[in-house]
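Pasting target.cif here (mmCIF, N, CA and C atoms; chains and numbers go by the auth columns):
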data_protein
loop_
_atom_site.group_PDB
_atom_site.id
_atom_site.type_symbol
_atom_site.label_atom_id
_atom_site.label_comp_id
_atom_site.label_asym_id
_atom_site.label_seq_id
_atom_site.Cartn_x
_atom_site.Cartn_y
_atom_site.Cartn_z
_atom_site.B_iso_or_equiv
_atom_site.auth_seq_id
_atom_site.auth_asym_id
ATOM 1 N N MET A 1 0.845 -1.188 0.000 0.00 180 R
ATOM 2 C CA MET A 1 0.000 0.000 0.000 0.00 180 R
ATOM 3 C C MET A 1 0.882 1.240 0.000 0.00 180 R
ATOM 4 N N SER A 2 0.505 2.211 -0.788 0.00 181 R
ATOM 5 C CA SER A 2 1.253 3.448 -0.885 0.00 181 R
ATOM 6 C C SER A 2 1.135 4.265 0.393 0.00 181 R
ATOM 7 N N ARG A 3 2.179 5.019 0.691 0.00 182 R
ATOM 8 C CA ARG A 3 2.099 5.877 1.865 0.00 182 R
ATOM 9 C C ARG A 3 1.440 7.204 1.555 0.00 182 R
ATOM 10 N N TYR A 4 1.113 7.448 0.305 0.00 183 R
ATOM 11 C CA TYR A 4 0.461 8.688 -0.098 0.00 183 R
ATOM 12 C C TYR A 4 -0.977 8.419 -0.496 0.00 183 R
ATOM 13 N N GLN A 5 -1.855 9.303 -0.087 0.00 184 R
ATOM 14 C CA GLN A 5 -3.252 9.202 -0.493 0.00 184 R
ATOM 15 C C GLN A 5 -3.751 10.587 -0.870 0.00 184 R
ATOM 16 N N GLU A 6 -4.481 10.641 -1.917 0.00 185 R
ATOM 17 C CA GLU A 6 -5.132 11.880 -2.340 0.00 185 R
ATOM 18 C C GLU A 6 -6.598 11.574 -2.546 0.00 185 R
ATOM 19 N N ILE A 7 -7.438 12.468 -2.128 0.00 186 R
ATOM 20 C CA ILE A 7 -8.877 12.289 -2.287 0.00 186 R
ATOM 21 C C ILE A 7 -9.433 13.478 -3.055 0.00 186 R
ATOM 22 N N ALA A 8 -10.221 13.185 -4.057 0.00 187 R
ATOM 23 C CA ALA A 8 -10.875 14.241 -4.823 0.00 187 R
ATOM 24 C C ALA A 8 -12.316 13.816 -5.074 0.00 187 R
ATOM 25 N N ASP A 9 -13.233 14.731 -4.899 0.00 188 R
ATOM 26 C CA ASP A 9 -14.646 14.474 -5.175 0.00 188 R
ATOM 27 C C ASP A 9 -15.050 15.234 -6.431 0.00 188 R
ATOM 28 N N ALA A 10 -15.935 14.630 -7.189 0.00 189 R
ATOM 29 C CA ALA A 10 -16.447 15.295 -8.382 0.00 189 R
ATOM 30 C C ALA A 10 -17.966 15.288 -8.329 0.00 189 R
ATOM 31 N N CYS A 11 -18.546 16.457 -8.423 0.00 190 R
ATOM 32 C CA CYS A 11 -20.013 16.550 -8.486 0.00 190 R
ATOM 33 C C CYS A 11 -20.424 16.475 -9.955 0.00 190 R
ATOM 34 N N TRP A 12 -21.470 15.745 -10.220 0.00 191 R
ATOM 35 C CA TRP A 12 -21.880 15.428 -11.586 0.00 191 R
ATOM 36 C C TRP A 12 -23.372 15.669 -11.704 0.00 191 R
ATOM 37 N N ARG A 13 -23.791 16.308 -12.780 0.00 192 R
ATOM 38 C CA ARG A 13 -25.224 16.526 -12.973 0.00 192 R
ATOM 39 C C ARG A 13 -25.951 15.197 -13.011 0.00 192 R
ATOM 40 N N ALA A 14 -27.057 15.125 -12.329 0.00 193 R
ATOM 41 C CA ALA A 14 -27.783 13.864 -12.140 0.00 193 R
ATOM 42 C C ALA A 14 -28.288 13.258 -13.451 0.00 193 R
ATOM 43 N N LEU A 15 -28.474 14.050 -14.483 0.00 194 R
ATOM 44 C CA LEU A 15 -29.071 13.536 -15.720 0.00 194 R
ATOM 45 C C LEU A 15 -28.054 13.015 -16.740 0.00 194 R
ATOM 46 N N ARG A 16 -26.795 12.940 -16.381 0.00 195 R
ATOM 47 C CA ARG A 16 -25.788 12.421 -17.313 0.00 195 R
ATOM 48 C C ARG A 16 -26.007 10.930 -17.556 0.00 195 R
ATOM 49 N N THR A 17 -25.641 10.501 -18.767 0.00 196 R
ATOM 50 C CA THR A 17 -25.821 9.098 -19.129 0.00 196 R
ATOM 51 C C THR A 17 -24.702 8.242 -18.531 0.00 196 R
ATOM 52 N N LEU A 18 -24.941 6.952 -18.463 0.00 197 R
ATOM 53 C CA LEU A 18 -23.934 6.016 -17.972 0.00 197 R
ATOM 54 C C LEU A 18 -22.695 6.054 -18.869 0.00 197 R
ATOM 55 N N GLU A 19 -22.913 6.167 -20.169 0.00 198 R
ATOM 56 C CA GLU A 19 -21.788 6.242 -21.113 0.00 198 R
ATOM 57 C C GLU A 19 -20.933 7.489 -20.827 0.00 198 R
ATOM 58 N N GLY A 20 -21.577 8.606 -20.547 0.00 199 R
ATOM 59 C CA GLY A 20 -20.847 9.828 -20.224 0.00 199 R
ATOM 60 C C GLY A 20 -20.048 9.684 -18.945 0.00 199 R
ATOM 61 N N LYS A 21 -20.635 9.036 -17.955 0.00 200 R
ATOM 62 C CA LYS A 21 -19.932 8.806 -16.688 0.00 200 R
ATOM 63 C C LYS A 21 -18.721 7.900 -16.892 0.00 200 R
ATOM 64 N N ARG A 22 -18.883 6.891 -17.713 0.00 201 R
ATOM 65 C CA ARG A 22 -17.761 5.981 -17.981 0.00 201 R
ATOM 66 C C ARG A 22 -16.632 6.700 -18.703 0.00 201 R
ATOM 67 N N LYS A 23 -16.995 7.576 -19.654 0.00 202 R
ATOM 68 C CA LYS A 23 -15.965 8.307 -20.392 0.00 202 R
ATOM 69 C C LYS A 23 -15.184 9.250 -19.485 0.00 202 R
ATOM 70 N N VAL A 24 -15.881 9.965 -18.619 0.00 203 R
ATOM 71 C CA VAL A 24 -15.175 10.918 -17.755 0.00 203 R
ATOM 72 C C VAL A 24 -14.314 10.201 -16.731 0.00 203 R
ATOM 73 N N THR A 25 -14.777 9.077 -16.197 0.00 204 R
ATOM 74 C CA THR A 25 -13.950 8.353 -15.229 0.00 204 R
ATOM 75 C C THR A 25 -12.716 7.751 -15.913 0.00 204 R
ATOM 76 N N ALA A 26 -12.867 7.261 -17.135 0.00 205 R
ATOM 77 C CA ALA A 26 -11.717 6.717 -17.866 0.00 205 R
ATOM 78 C C ALA A 26 -10.704 7.820 -18.166 0.00 205 R
ATOM 79 N N THR A 27 -11.181 8.999 -18.524 0.00 206 R
ATOM 80 C CA THR A 27 -10.289 10.118 -18.819 0.00 206 R
ATOM 81 C C THR A 27 -9.559 10.587 -17.563 0.00 206 R
ATOM 82 N N ILE A 28 -10.287 10.730 -16.460 0.00 207 R
ATOM 83 C CA ILE A 28 -9.655 11.124 -15.199 0.00 207 R
ATOM 84 C C ILE A 28 -8.610 10.089 -14.803 0.00 207 R
ATOM 85 N N ASN A 29 -8.961 8.826 -14.911 0.00 208 R
ATOM 86 C CA ASN A 29 -8.049 7.740 -14.552 0.00 208 R
ATOM 87 C C ASN A 29 -6.762 7.820 -15.374 0.00 208 R
ATOM 88 N N ARG A 30 -6.904 8.001 -16.680 0.00 209 R
ATOM 89 C CA ARG A 30 -5.735 8.060 -17.565 0.00 209 R
ATOM 90 C C ARG A 30 -4.874 9.285 -17.255 0.00 209 R
ATOM 91 N N LEU A 31 -5.511 10.444 -17.061 0.00 210 R
ATOM 92 C CA LEU A 31 -4.762 11.674 -16.828 0.00 210 R
ATOM 93 C C LEU A 31 -4.052 11.694 -15.476 0.00 210 R
ATOM 94 N N VAL A 32 -4.529 10.912 -14.536 0.00 211 R
ATOM 95 C CA VAL A 32 -3.891 10.852 -13.220 0.00 211 R
ATOM 96 C C VAL A 32 -2.858 9.735 -13.161 0.00 211 R
ATOM 97 N N ALA A 33 -3.196 8.565 -13.640 0.00 212 R
ATOM 98 C CA ALA A 33 -2.316 7.399 -13.496 0.00 212 R
ATOM 99 C C ALA A 33 -1.029 7.521 -14.302 0.00 212 R
ATOM 100 N N GLU A 34 -1.123 7.933 -15.556 0.00 213 R
ATOM 101 C CA GLU A 34 0.058 7.966 -16.419 0.00 213 R
ATOM 102 C C GLU A 34 1.155 8.912 -15.910 0.00 213 R
ATOM 103 N N PRO A 35 0.848 10.174 -15.617 0.00 214 R
ATOM 104 C CA PRO A 35 1.930 11.074 -15.194 0.00 214 R
ATOM 105 C C PRO A 35 2.518 10.725 -13.822 0.00 214 R
ATOM 106 N N LEU A 36 1.741 10.068 -12.980 0.00 215 R
ATOM 107 C CA LEU A 36 2.224 9.735 -11.638 0.00 215 R
ATOM 108 C C LEU A 36 2.817 8.330 -11.550 0.00 215 R
ATOM 109 N N TYR A 37 2.794 7.608 -12.675 0.00 216 R
ATOM 110 C CA TYR A 37 3.326 6.244 -12.733 0.00 216 R
ATOM 111 C C TYR A 37 2.716 5.342 -11.658 0.00 216 R
ATOM 112 N N ILE A 38 1.398 5.414 -11.546 0.00 217 R
ATOM 113 C CA ILE A 38 0.690 4.528 -10.631 0.00 217 R
ATOM 114 C C ILE A 38 -0.284 3.680 -11.422 0.00 217 R
ATOM 115 N N SER A 39 -0.720 2.623 -10.818 0.00 218 R
ATOM 116 C CA SER A 39 -1.661 1.730 -11.486 0.00 218 R
ATOM 117 C C SER A 39 -3.057 2.363 -11.506 0.00 218 R
ATOM 118 N N PRO A 40 -3.768 2.267 -12.622 0.00 219 R
ATOM 119 C CA PRO A 40 -5.148 2.746 -12.654 0.00 219 R
ATOM 120 C C PRO A 40 -6.030 2.046 -11.627 0.00 219 R
ATOM 121 N N ASP A 41 -5.631 0.836 -11.216 0.00 220 R
ATOM 122 C CA ASP A 41 -6.395 0.110 -10.203 0.00 220 R
ATOM 123 C C ASP A 41 -6.274 0.736 -8.815 0.00 220 R
ATOM 124 N N ASP A 42 -5.296 1.616 -8.641 0.00 221 R
ATOM 125 C CA ASP A 42 -5.097 2.273 -7.353 0.00 221 R
ATOM 126 C C ASP A 42 -5.871 3.584 -7.234 0.00 221 R
ATOM 127 N N ILE A 43 -6.661 3.897 -8.232 0.00 222 R
ATOM 128 C CA ILE A 43 -7.431 5.144 -8.232 0.00 222 R
ATOM 129 C C ILE A 43 -8.894 4.834 -7.977 0.00 222 R
ATOM 130 N N PHE A 44 -9.491 5.571 -7.054 0.00 223 R
ATOM 131 C CA PHE A 44 -10.920 5.440 -6.764 0.00 223 R
ATOM 132 C C PHE A 44 -11.583 6.746 -7.142 0.00 223 R
ATOM 133 N N ILE A 45 -12.581 6.673 -8.015 0.00 224 R
ATOM 134 C CA ILE A 45 -13.298 7.860 -8.477 0.00 224 R
ATOM 135 C C ILE A 45 -14.746 7.736 -8.031 0.00 224 R
ATOM 136 N N SER A 46 -15.222 8.754 -7.364 0.00 225 R
ATOM 137 C CA SER A 46 -16.602 8.777 -6.899 0.00 225 R
ATOM 138 C C SER A 46 -17.328 9.956 -7.548 0.00 225 R
ATOM 139 N N LEU A 47 -18.303 9.655 -8.378 0.00 226 R
ATOM 140 C CA LEU A 47 -19.121 10.706 -8.988 0.00 226 R
ATOM 141 C C LEU A 47 -20.370 10.894 -8.144 0.00 226 R
ATOM 142 N N ILE A 48 -20.576 12.099 -7.682 0.00 227 R
ATOM 143 C CA ILE A 48 -21.697 12.402 -6.800 0.00 227 R
ATOM 144 C C ILE A 48 -22.780 13.112 -7.598 0.00 227 R
ATOM 145 N N PRO A 49 -23.937 12.484 -7.783 0.00 228 R
ATOM 146 C CA PRO A 49 -24.989 13.138 -8.566 0.00 228 R
ATOM 147 C C PRO A 49 -25.604 14.296 -7.781 0.00 228 R
ATOM 148 N N VAL A 50 -25.719 15.436 -8.439 0.00 229 R
ATOM 149 C CA VAL A 50 -26.356 16.615 -7.842 0.00 229 R
ATOM 150 C C VAL A 50 -27.468 17.086 -8.759 0.00 229 R
ATOM 151 N N SER A 51 -28.414 17.795 -8.207 0.00 230 R
ATOM 152 C CA SER A 51 -29.518 18.295 -9.040 0.00 230 R
ATOM 153 C C SER A 51 -28.984 19.319 -10.026 0.00 230 R
ATOM 154 N N ASN A 52 -29.718 19.543 -11.087 0.00 231 R
ATOM 155 C CA ASN A 52 -29.292 20.452 -12.144 0.00 231 R
ATOM 156 C C ASN A 52 -29.502 21.922 -11.789 0.00 231 R
ATOM 157 N N GLU A 53 -30.019 22.184 -10.635 0.00 232 R
ATOM 158 C CA GLU A 53 -30.297 23.562 -10.237 0.00 232 R
ATOM 159 C C GLU A 53 -29.089 24.288 -9.751 0.00 232 R
#

This entry written out as structure tokens:
Amino acid sequence: MSRYQEIADACWRALRTLEGKRKVTATINRLVAEPLYISPDDIFISLIPVSNE
């Protein structure tokens, strides 16, 4: 287990499609894992649905 941990939350409009959610999580995963030389399996992404208001 790594001695470093970073936590980031992302609020997401509730009406987004599953395909859109998958694309954004894959992009976040790639943009974080590659430059930091960590495994994509070590990244946890939590999308929090919020109302559109």

Exercise. Quick one, how far is atom C of Trp191 in chain R from atom C of Val229 in chain R?
Worked result: 5.2 Å

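Residues within 6.5 Å of Pro228 in chain R, counting all atoms listed in the file and excluding same-chain residues fewer than 6 positions away, are Cys190, Trp191, Arg192 and Ala193 of chain R.
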
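Counting from CA of Thr204 in chain R, the distance to CA of Ser225 in chain R is 8.8 Å.
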
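Across the model, the gap from CA of Lys200 in chain R to atom N of Pro214 in chain R is 20.9 Å.
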